[in-house]
>>> print(open('entry.cif').read())   # mmCIF, N, CA and C atoms
data_structure
#
loop_
_atom_site.group_PDB
_atom_site.id
_atom_site.type_symbol
_atom_site.label_atom_id
_atom_site.label_comp_id
_atom_site.auth_asym_id
_atom_site.auth_seq_id
_atom_site.Cartn_x
_atom_site.Cartn_y
_atom_site.Cartn_z
ATOM 1 N N MET X 1 -10.281 -40.097 -0.637
ATOM 2 C CA MET X 1 -8.968 -39.721 -1.122
ATOM 3 C C MET X 1 -8.911 -38.217 -1.377
ATOM 4 N N GLU X 2 -7.862 -37.591 -0.947
ATOM 5 C CA GLU X 2 -7.717 -36.129 -1.050
ATOM 6 C C GLU X 2 -7.133 -35.744 -2.400
ATOM 7 N N GLU X 3 -7.761 -34.750 -3.071
ATOM 8 C CA GLU X 3 -7.252 -34.284 -4.362
ATOM 9 C C GLU X 3 -6.254 -33.158 -4.163
ATOM 10 N N GLN X 4 -5.182 -33.177 -4.938
ATOM 11 C CA GLN X 4 -4.160 -32.127 -4.887
ATOM 12 C C GLN X 4 -4.506 -31.090 -5.946
ATOM 13 N N ASN X 5 -4.605 -29.832 -5.559
ATOM 14 C CA ASN X 5 -4.869 -28.743 -6.504
ATOM 15 C C ASN X 5 -3.541 -28.332 -7.124
ATOM 16 N N ASP X 6 -3.410 -28.543 -8.453
ATOM 17 C CA ASP X 6 -2.157 -28.208 -9.136
ATOM 18 C C ASP X 6 -1.890 -26.710 -9.162
ATOM 19 N N ASN X 7 -2.906 -25.889 -8.976
ATOM 20 C CA ASN X 7 -2.744 -24.435 -8.995
ATOM 21 C C ASN X 7 -2.456 -23.863 -7.611
ATOM 22 N N GLN X 8 -2.329 -24.712 -6.614
ATOM 23 C CA GLN X 8 -2.082 -24.250 -5.254
ATOM 24 C C GLN X 8 -0.656 -23.720 -5.135
ATOM 25 N N LEU X 9 -0.528 -22.605 -4.443
ATOM 26 C CA LEU X 9 0.772 -21.978 -4.232
ATOM 27 C C LEU X 9 1.001 -21.857 -2.739
ATOM 28 N N ASN X 10 2.095 -22.417 -2.263
ATOM 29 C CA ASN X 10 2.460 -22.277 -0.863
ATOM 30 C C ASN X 10 3.288 -21.015 -0.709
ATOM 31 N N ILE X 11 2.839 -20.126 0.160
ATOM 32 C CA ILE X 11 3.513 -18.850 0.367
ATOM 33 C C ILE X 11 4.086 -18.833 1.776
ATOM 34 N N GLU X 12 5.361 -18.518 1.868
ATOM 35 C CA GLU X 12 6.032 -18.451 3.160
ATOM 36 C C GLU X 12 6.107 -16.998 3.609
ATOM 37 N N LEU X 13 5.792 -16.744 4.865
ATOM 38 C CA LEU X 13 5.828 -15.401 5.441
ATOM 39 C C LEU X 13 6.718 -15.444 6.678
ATOM 40 N N SER X 14 7.895 -14.804 6.586
ATOM 41 C CA SER X 14 8.817 -14.793 7.719
ATOM 42 C C SER X 14 8.250 -13.909 8.834
ATOM 43 N N GLU X 15 8.745 -14.106 10.047
ATOM 44 C CA GLU X 15 8.289 -13.279 11.174
ATOM 45 C C GLU X 15 8.589 -11.809 10.929
ATOM 46 N N GLU X 16 9.770 -11.524 10.404
ATOM 47 C CA GLU X 16 10.158 -10.139 10.138
ATOM 48 C C GLU X 16 9.212 -9.491 9.123
ATOM 49 N N MET X 17 8.891 -10.210 8.049
ATOM 50 C CA MET X 17 8.002 -9.670 7.024
ATOM 51 C C MET X 17 6.569 -9.548 7.556
ATOM 52 N N ALA X 18 6.169 -10.464 8.432
ATOM 53 C CA ALA X 18 4.816 -10.449 8.989
ATOM 54 C C ALA X 18 4.558 -9.208 9.838
ATOM 55 N N GLU X 19 5.621 -8.605 10.381
ATOM 56 C CA GLU X 19 5.465 -7.383 11.168
ATOM 57 C C GLU X 19 4.974 -6.228 10.311
ATOM 58 N N GLY X 20 5.291 -6.245 9.031
ATOM 59 C CA GLY X 20 4.854 -5.197 8.126
ATOM 60 C C GLY X 20 5.663 -3.923 8.289
ATOM 61 N N THR X 21 5.417 -2.989 7.406
ATOM 62 C CA THR X 21 6.059 -1.682 7.433
ATOM 63 C C THR X 21 4.971 -0.630 7.308
ATOM 64 N N TYR X 22 4.880 0.265 8.284
ATOM 65 C CA TYR X 22 3.861 1.310 8.252
ATOM 66 C C TYR X 22 4.218 2.363 7.210
ATOM 67 N N SER X 23 3.208 2.787 6.456
ATOM 68 C CA SER X 23 3.378 3.835 5.461
ATOM 69 C C SER X 23 2.150 4.735 5.492
ATOM 70 N N ASN X 24 2.364 6.047 5.410
ATOM 71 C CA ASN X 24 1.235 6.971 5.333
ATOM 72 C C ASN X 24 1.304 7.830 4.069
ATOM 73 N N LEU X 25 2.149 7.423 3.135
ATOM 74 C CA LEU X 25 2.247 8.111 1.848
ATOM 75 C C LEU X 25 2.734 7.111 0.808
ATOM 76 N N ALA X 26 2.074 7.073 -0.340
ATOM 77 C CA ALA X 26 2.533 6.231 -1.445
ATOM 78 C C ALA X 26 2.681 7.121 -2.673
ATOM 79 N N ILE X 27 3.781 6.933 -3.370
ATOM 80 C CA ILE X 27 4.019 7.655 -4.615
ATOM 81 C C ILE X 27 4.110 6.615 -5.722
ATOM 82 N N ILE X 28 3.322 6.805 -6.772
ATOM 83 C CA ILE X 28 3.268 5.841 -7.862
ATOM 84 C C ILE X 28 3.785 6.495 -9.132
ATOM 85 N N THR X 29 4.747 5.849 -9.769
ATOM 86 C CA THR X 29 5.265 6.294 -11.058
ATOM 87 C C THR X 29 5.200 5.116 -12.020
ATOM 88 N N HIS X 30 5.310 5.403 -13.305
ATOM 89 C CA HIS X 30 5.261 4.315 -14.274
ATOM 90 C C HIS X 30 6.051 4.647 -15.531
ATOM 91 N N SER X 31 6.444 3.593 -16.214
ATOM 92 C CA SER X 31 7.038 3.694 -17.545
ATOM 93 C C SER X 31 6.140 2.868 -18.467
ATOM 94 N N ASN X 32 6.574 2.648 -19.686
ATOM 95 C CA ASN X 32 5.733 1.846 -20.584
ATOM 96 C C ASN X 32 5.767 0.362 -20.223
ATOM 97 N N SER X 33 6.662 -0.059 -19.319
ATOM 98 C CA SER X 33 6.764 -1.479 -19.004
ATOM 99 C C SER X 33 6.575 -1.833 -17.533
ATOM 100 N N GLU X 34 6.483 -0.823 -16.634
ATOM 101 C CA GLU X 34 6.339 -1.152 -15.218
ATOM 102 C C GLU X 34 5.737 0.003 -14.421
ATOM 103 N N PHE X 35 5.146 -0.371 -13.293
ATOM 104 C CA PHE X 35 4.654 0.583 -12.301
ATOM 105 C C PHE X 35 5.545 0.447 -11.078
ATOM 106 N N VAL X 36 5.914 1.575 -10.480
ATOM 107 C CA VAL X 36 6.741 1.578 -9.283
ATOM 108 C C VAL X 36 5.938 2.234 -8.165
ATOM 109 N N LEU X 37 5.738 1.497 -7.072
ATOM 110 C CA LEU X 37 5.024 1.998 -5.897
ATOM 111 C C LEU X 37 6.041 2.190 -4.787
ATOM 112 N N ASP X 38 6.248 3.437 -4.375
ATOM 113 C CA ASP X 38 7.132 3.752 -3.258
ATOM 114 C C ASP X 38 6.270 4.062 -2.043
ATOM 115 N N PHE X 39 6.508 3.337 -0.950
ATOM 116 C CA PHE X 39 5.774 3.529 0.285
ATOM 117 C C PHE X 39 6.678 4.260 1.267
ATOM 118 N N ILE X 40 6.168 5.369 1.813
ATOM 119 C CA ILE X 40 6.958 6.303 2.607
ATOM 120 C C ILE X 40 6.262 6.532 3.943
ATOM 121 N N ARG X 41 7.054 6.762 4.981
ATOM 122 C CA ARG X 41 6.511 7.140 6.293
ATOM 123 C C ARG X 41 6.919 8.579 6.547
ATOM 124 N N VAL X 42 5.932 9.485 6.582
ATOM 125 C CA VAL X 42 6.156 10.902 6.865
ATOM 126 C C VAL X 42 5.857 11.115 8.346
ATOM 127 N N MET X 43 6.792 11.725 9.065
ATOM 128 C CA MET X 43 6.602 11.961 10.492
ATOM 129 C C MET X 43 6.469 13.459 10.757
ATOM 130 N N PRO X 44 5.645 13.829 11.730
ATOM 131 C CA PRO X 44 5.460 15.249 12.029
ATOM 132 C C PRO X 44 6.752 15.895 12.503
ATOM 133 N N GLY X 45 6.994 17.099 12.020
ATOM 134 C CA GLY X 45 8.160 17.863 12.441
ATOM 135 C C GLY X 45 9.467 17.401 11.817
ATOM 136 N N VAL X 46 9.425 16.411 10.953
ATOM 137 C CA VAL X 46 10.631 15.912 10.298
ATOM 138 C C VAL X 46 10.545 16.287 8.822
ATOM 139 N N PRO X 47 11.448 17.159 8.350
ATOM 140 C CA PRO X 47 11.333 17.662 6.984
ATOM 141 C C PRO X 47 11.763 16.671 5.903
ATOM 142 N N LYS X 48 12.320 15.518 6.302
ATOM 143 C CA LYS X 48 12.796 14.546 5.331
ATOM 144 C C LYS X 48 12.158 13.197 5.624
ATOM 145 N N ALA X 49 11.771 12.486 4.571
ATOM 146 C CA ALA X 49 11.176 11.162 4.740
ATOM 147 C C ALA X 49 11.881 10.185 3.811
ATOM 148 N N LYS X 50 11.990 8.937 4.250
ATOM 149 C CA LYS X 50 12.654 7.910 3.452
ATOM 150 C C LYS X 50 11.634 6.936 2.885
ATOM 151 N N VAL X 51 11.943 6.411 1.708
ATOM 152 C CA VAL X 51 11.149 5.325 1.150
ATOM 153 C C VAL X 51 11.401 4.102 2.021
ATOM 154 N N LYS X 52 10.337 3.505 2.534
ATOM 155 C CA LYS X 52 10.447 2.341 3.406
ATOM 156 C C LYS X 52 10.321 1.038 2.634
ATOM 157 N N SER X 53 9.632 1.097 1.482
ATOM 158 C CA SER X 53 9.465 -0.102 0.671
ATOM 159 C C SER X 53 9.167 0.327 -0.764
ATOM 160 N N ARG X 54 9.695 -0.427 -1.725
ATOM 161 C CA ARG X 54 9.430 -0.161 -3.135
ATOM 162 C C ARG X 54 8.958 -1.461 -3.772
ATOM 163 N N ILE X 55 7.841 -1.388 -4.470
ATOM 164 C CA ILE X 55 7.297 -2.537 -5.176
ATOM 165 C C ILE X 55 7.244 -2.187 -6.659
ATOM 166 N N VAL X 56 7.778 -3.060 -7.504
ATOM 167 C CA VAL X 56 7.779 -2.855 -8.948
ATOM 168 C C VAL X 56 6.845 -3.902 -9.553
ATOM 169 N N LEU X 57 5.878 -3.439 -10.358
ATOM 170 C CA LEU X 57 4.848 -4.312 -10.931
ATOM 171 C C LEU X 57 4.791 -4.166 -12.449
ATOM 172 N N THR X 58 4.392 -5.239 -13.116
ATOM 173 C CA THR X 58 4.072 -5.123 -14.529
ATOM 174 C C THR X 58 2.737 -4.391 -14.650
ATOM 175 N N PRO X 59 2.439 -3.772 -15.800
ATOM 176 C CA PRO X 59 1.162 -3.070 -15.946
ATOM 177 C C PRO X 59 -0.052 -3.968 -15.698
ATOM 178 N N ASP X 60 -0.024 -5.206 -16.185
ATOM 179 C CA ASP X 60 -1.188 -6.071 -15.954
ATOM 180 C C ASP X 60 -1.328 -6.453 -14.483
ATOM 181 N N HIS X 61 -0.218 -6.635 -13.791
ATOM 182 C CA HIS X 61 -0.284 -6.933 -12.356
ATOM 183 C C HIS X 61 -0.772 -5.707 -11.583
ATOM 184 N N ALA X 62 -0.352 -4.515 -11.995
ATOM 185 C CA ALA X 62 -0.818 -3.287 -11.340
ATOM 186 C C ALA X 62 -2.337 -3.164 -11.475
ATOM 187 N N LYS X 63 -2.861 -3.504 -12.643
ATOM 188 C CA LYS X 63 -4.312 -3.417 -12.843
ATOM 189 C C LYS X 63 -5.041 -4.465 -12.003
ATOM 190 N N ARG X 64 -4.466 -5.666 -11.881
ATOM 191 C CA ARG X 64 -5.072 -6.691 -11.016
ATOM 192 C C ARG X 64 -5.031 -6.252 -9.557
ATOM 193 N N LEU X 65 -3.937 -5.600 -9.141
ATOM 194 C CA LEU X 65 -3.841 -5.082 -7.777
ATOM 195 C C LEU X 65 -4.913 -4.027 -7.530
ATOM 196 N N MET X 66 -5.096 -3.118 -8.494
ATOM 197 C CA MET X 66 -6.122 -2.081 -8.358
ATOM 198 C C MET X 66 -7.504 -2.720 -8.204
ATOM 199 N N SER X 67 -7.785 -3.724 -8.993
ATOM 200 C CA SER X 67 -9.075 -4.412 -8.922
ATOM 201 C C SER X 67 -9.256 -5.101 -7.570
ATOM 202 N N ALA X 68 -8.202 -5.753 -7.081
ATOM 203 C CA ALA X 68 -8.273 -6.428 -5.786
ATOM 204 C C ALA X 68 -8.477 -5.420 -4.657
ATOM 205 N N LEU X 69 -7.797 -4.259 -4.737
ATOM 206 C CA LEU X 69 -7.982 -3.214 -3.722
ATOM 207 C C LEU X 69 -9.411 -2.672 -3.755
ATOM 208 N N GLU X 70 -9.939 -2.417 -4.955
ATOM 209 C CA GLU X 70 -11.315 -1.926 -5.068
ATOM 210 C C GLU X 70 -12.294 -2.922 -4.457
ATOM 211 N N ASP X 71 -12.105 -4.206 -4.736
ATOM 212 C CA ASP X 71 -12.976 -5.245 -4.203
ATOM 213 C C ASP X 71 -12.892 -5.300 -2.680
ATOM 214 N N ASN X 72 -11.679 -5.257 -2.138
ATOM 215 C CA ASN X 72 -11.500 -5.330 -0.686
ATOM 216 C C ASN X 72 -12.003 -4.082 0.020
ATOM 217 N N ILE X 73 -11.824 -2.918 -0.591
ATOM 218 C CA ILE X 73 -12.338 -1.678 0.004
ATOM 219 C C ILE X 73 -13.865 -1.716 0.032
ATOM 220 N N ALA X 74 -14.486 -2.192 -1.048
ATOM 221 C CA ALA X 74 -15.952 -2.303 -1.081
ATOM 222 C C ALA X 74 -16.443 -3.232 0.029
ATOM 223 N N LYS X 75 -15.768 -4.361 0.222
ATOM 224 C CA LYS X 75 -16.155 -5.297 1.285
ATOM 225 C C LYS X 75 -15.955 -4.673 2.666
ATOM 226 N N PHE X 76 -14.850 -3.948 2.853
ATOM 227 C CA PHE X 76 -14.586 -3.271 4.118
ATOM 228 C C PHE X 76 -15.689 -2.262 4.416
ATOM 229 N N GLU X 77 -16.056 -1.452 3.413
ATOM 230 C CA GLU X 77 -17.067 -0.414 3.617
ATOM 231 C C GLU X 77 -18.453 -1.003 3.864
ATOM 232 N N MET X 78 -18.724 -2.179 3.314
ATOM 233 C CA MET X 78 -20.015 -2.831 3.590
ATOM 234 C C MET X 78 -20.114 -3.195 5.071
ATOM 235 N N SER X 79 -18.990 -3.577 5.663
ATOM 236 C CA SER X 79 -18.982 -3.983 7.071
ATOM 237 C C SER X 79 -18.762 -2.826 8.028
ATOM 238 N N ASN X 80 -17.981 -1.828 7.611
ATOM 239 C CA ASN X 80 -17.517 -0.793 8.536
ATOM 240 C C ASN X 80 -17.947 0.626 8.194
ATOM 241 N N GLY X 81 -18.643 0.826 7.098
ATOM 242 C CA GLY X 81 -19.040 2.168 6.692
ATOM 243 C C GLY X 81 -18.030 2.778 5.741
ATOM 244 N N THR X 82 -18.440 3.871 5.135
ATOM 245 C CA THR X 82 -17.621 4.543 4.131
ATOM 246 C C THR X 82 -16.330 5.093 4.729
ATOM 247 N N ILE X 83 -15.255 4.883 4.006
ATOM 248 C CA ILE X 83 -13.958 5.441 4.403
ATOM 249 C C ILE X 83 -13.941 6.894 3.952
ATOM 250 N N LYS X 84 -13.717 7.796 4.891
ATOM 251 C CA LYS X 84 -13.624 9.220 4.557
ATOM 252 C C LYS X 84 -12.185 9.545 4.230
ATOM 253 N N VAL X 85 -11.969 10.169 3.078
ATOM 254 C CA VAL X 85 -10.618 10.467 2.612
ATOM 255 C C VAL X 85 -10.358 11.957 2.700
ATOM 256 N N GLY X 86 -9.154 12.303 3.191
ATOM 257 C CA GLY X 86 -8.699 13.692 3.174
ATOM 258 C C GLY X 86 -9.448 14.588 4.129
ATOM 259 N N GLY X 87 -9.069 15.816 4.058
ATOM 260 C CA GLY X 87 -9.689 16.873 4.844
ATOM 261 C C GLY X 87 -9.697 18.086 3.956
ATOM 262 N N ASP X 88 -9.062 19.137 4.407
ATOM 263 C CA ASP X 88 -8.976 20.359 3.604
ATOM 264 C C ASP X 88 -8.013 20.216 2.438
ATOM 265 N N ASN X 89 -7.120 19.217 2.494
ATOM 266 C CA ASN X 89 -6.106 19.119 1.448
ATOM 267 C C ASN X 89 -6.537 18.252 0.265
ATOM 268 N N ASN X 90 -7.796 17.804 0.233
ATOM 269 C CA ASN X 90 -8.353 17.039 -0.883
ATOM 270 C C ASN X 90 -7.492 15.841 -1.275
ATOM 271 N N GLY X 91 -7.051 15.086 -0.304
ATOM 272 C CA GLY X 91 -6.287 13.886 -0.583
ATOM 273 C C GLY X 91 -4.836 14.134 -0.921
ATOM 274 N N GLY X 92 -4.356 15.337 -0.681
ATOM 275 C CA GLY X 92 -2.963 15.652 -0.964
ATOM 276 C C GLY X 92 -2.025 14.986 0.026
ATOM 277 N N MET X 93 -0.803 15.399 0.030
ATOM 278 C CA MET X 93 0.186 14.772 0.895
ATOM 279 C C MET X 93 -0.067 15.142 2.357
ATOM 280 N N PRO X 94 0.093 14.176 3.267
ATOM 281 C CA PRO X 94 -0.281 14.367 4.672
ATOM 282 C C PRO X 94 0.801 15.065 5.482
ATOM 283 N N PHE X 95 1.134 16.298 5.110
ATOM 284 C CA PHE X 95 2.172 17.002 5.852
ATOM 285 C C PHE X 95 1.621 17.727 7.070
ATOM 286 N N ASN X 96 0.333 17.969 7.121
ATOM 287 C CA ASN X 96 -0.267 18.615 8.273
ATOM 288 C C ASN X 96 -0.869 17.544 9.162
ATOM 289 N N PHE X 97 -0.170 17.200 10.231
ATOM 290 C CA PHE X 97 -0.627 16.149 11.117
ATOM 291 C C PHE X 97 -1.578 16.665 12.202
ATOM 292 N N GLY X 98 -1.800 17.971 12.258
ATOM 293 C CA GLY X 98 -2.648 18.515 13.292
ATOM 294 C C GLY X 98 -1.882 18.656 14.599
ATOM 295 N N GLY X 99 -2.564 19.113 15.628
ATOM 296 C CA GLY X 99 -1.918 19.274 16.917
ATOM 297 C C GLY X 99 -1.096 20.540 16.966
ATOM 298 N N PRO X 100 -0.391 20.740 18.077
ATOM 299 C CA PRO X 100 0.385 21.976 18.231
ATOM 300 C C PRO X 100 1.565 22.027 17.259
ATOM 301 N N THR X 101 1.901 23.235 16.854
ATOM 302 C CA THR X 101 3.065 23.416 15.974
ATOM 303 C C THR X 101 4.248 23.837 16.827
ATOM 304 N N ALA X 102 5.435 23.521 16.355
ATOM 305 C CA ALA X 102 6.643 23.855 17.106
ATOM 306 C C ALA X 102 6.927 25.355 16.990
ATOM 307 N N GLN X 103 7.420 25.928 18.090
ATOM 308 C CA GLN X 103 7.793 27.335 18.097
ATOM 309 C C GLN X 103 9.159 27.472 18.780
ATOM 310 N N ALA X 104 9.942 28.399 18.294
ATOM 311 C CA ALA X 104 11.262 28.603 18.898
ATOM 312 C C ALA X 104 11.254 29.851 19.750
#
>>> encode(input="entry.cif", output="structure tokens")
Amino acid sequence: MEEQNDNQLNIELSEEMAEGTYSNLAIITHSNSEFVLDFIRVMPGVPKAKVKSRIVLTPDHAKRLMSALEDNIAKFEMSNGTIKVGGDNNGGMPFNFGGPTAQA
């Protein structure tokens, strides 16, 4: 006989949501009651960028997310090697994409 787990949560993922949204910049702000994560796509040669997704979290959920990310990054690095972060900009905003610059 099969046991039903009362803590099981069925999560639905639509095709549109499964495609995901690419982001190469995240800005995190907080108040005393919530954390706001804005995910942005910065494109080379485009001086303006739009927020592509915003996630609002409670402080305890934000801390659980941080812990889950740390755990997953550690597992990734065990399999794939250390993730190298940044270059000359010390992890700053990725406005220098490299390659040729535009000239008029």
>>> closest_atom_pairs(input="entry.cif", of="stretch 12-45 of chain X", to="stretch 53-69 of chain X", cutoff="5 Å", atoms="only N, CA and C atoms", output="CSV")
residue,atom,partner,partner_atom,distance
X:Ser33,C,X:Pro59,N,4.9
X:Glu34,CA,X:Leu57,C,4.4
X:Phe35,N,X:Leu57,C,3.9
X:Val36,CA,X:Val56,CA,4.6
X:Leu37,N,X:Ile55,C,4.0
X:Asp38,CA,X:Arg54,CA,4.5
X:Phe39,N,X:Ser53,C,4.0
>>> resolve_selection(input="entry.cif", expression="the PyMOL selection byres ((chain X and resi 9-22) around 8)", output="ChimeraX atom specification")
/X:5-8,23-25,39-42,52-53
>>> select_by_dssp(input="entry.cif", residues="stretch 12-49 of chain X", states="strand (DSSP E)", output="ChimeraX atom specification")
/X:25-30,35-40
>>> atom_distance(input="entry.cif", atom1="atom CA of X:Val85", atom2="atom CA of X:Asn72")
16.2 Å
>>> atom_distance(input="entry.cif", atom1="atom CA of X:Thr29", atom2="atom CA of X:Lys50")
16.4 Å
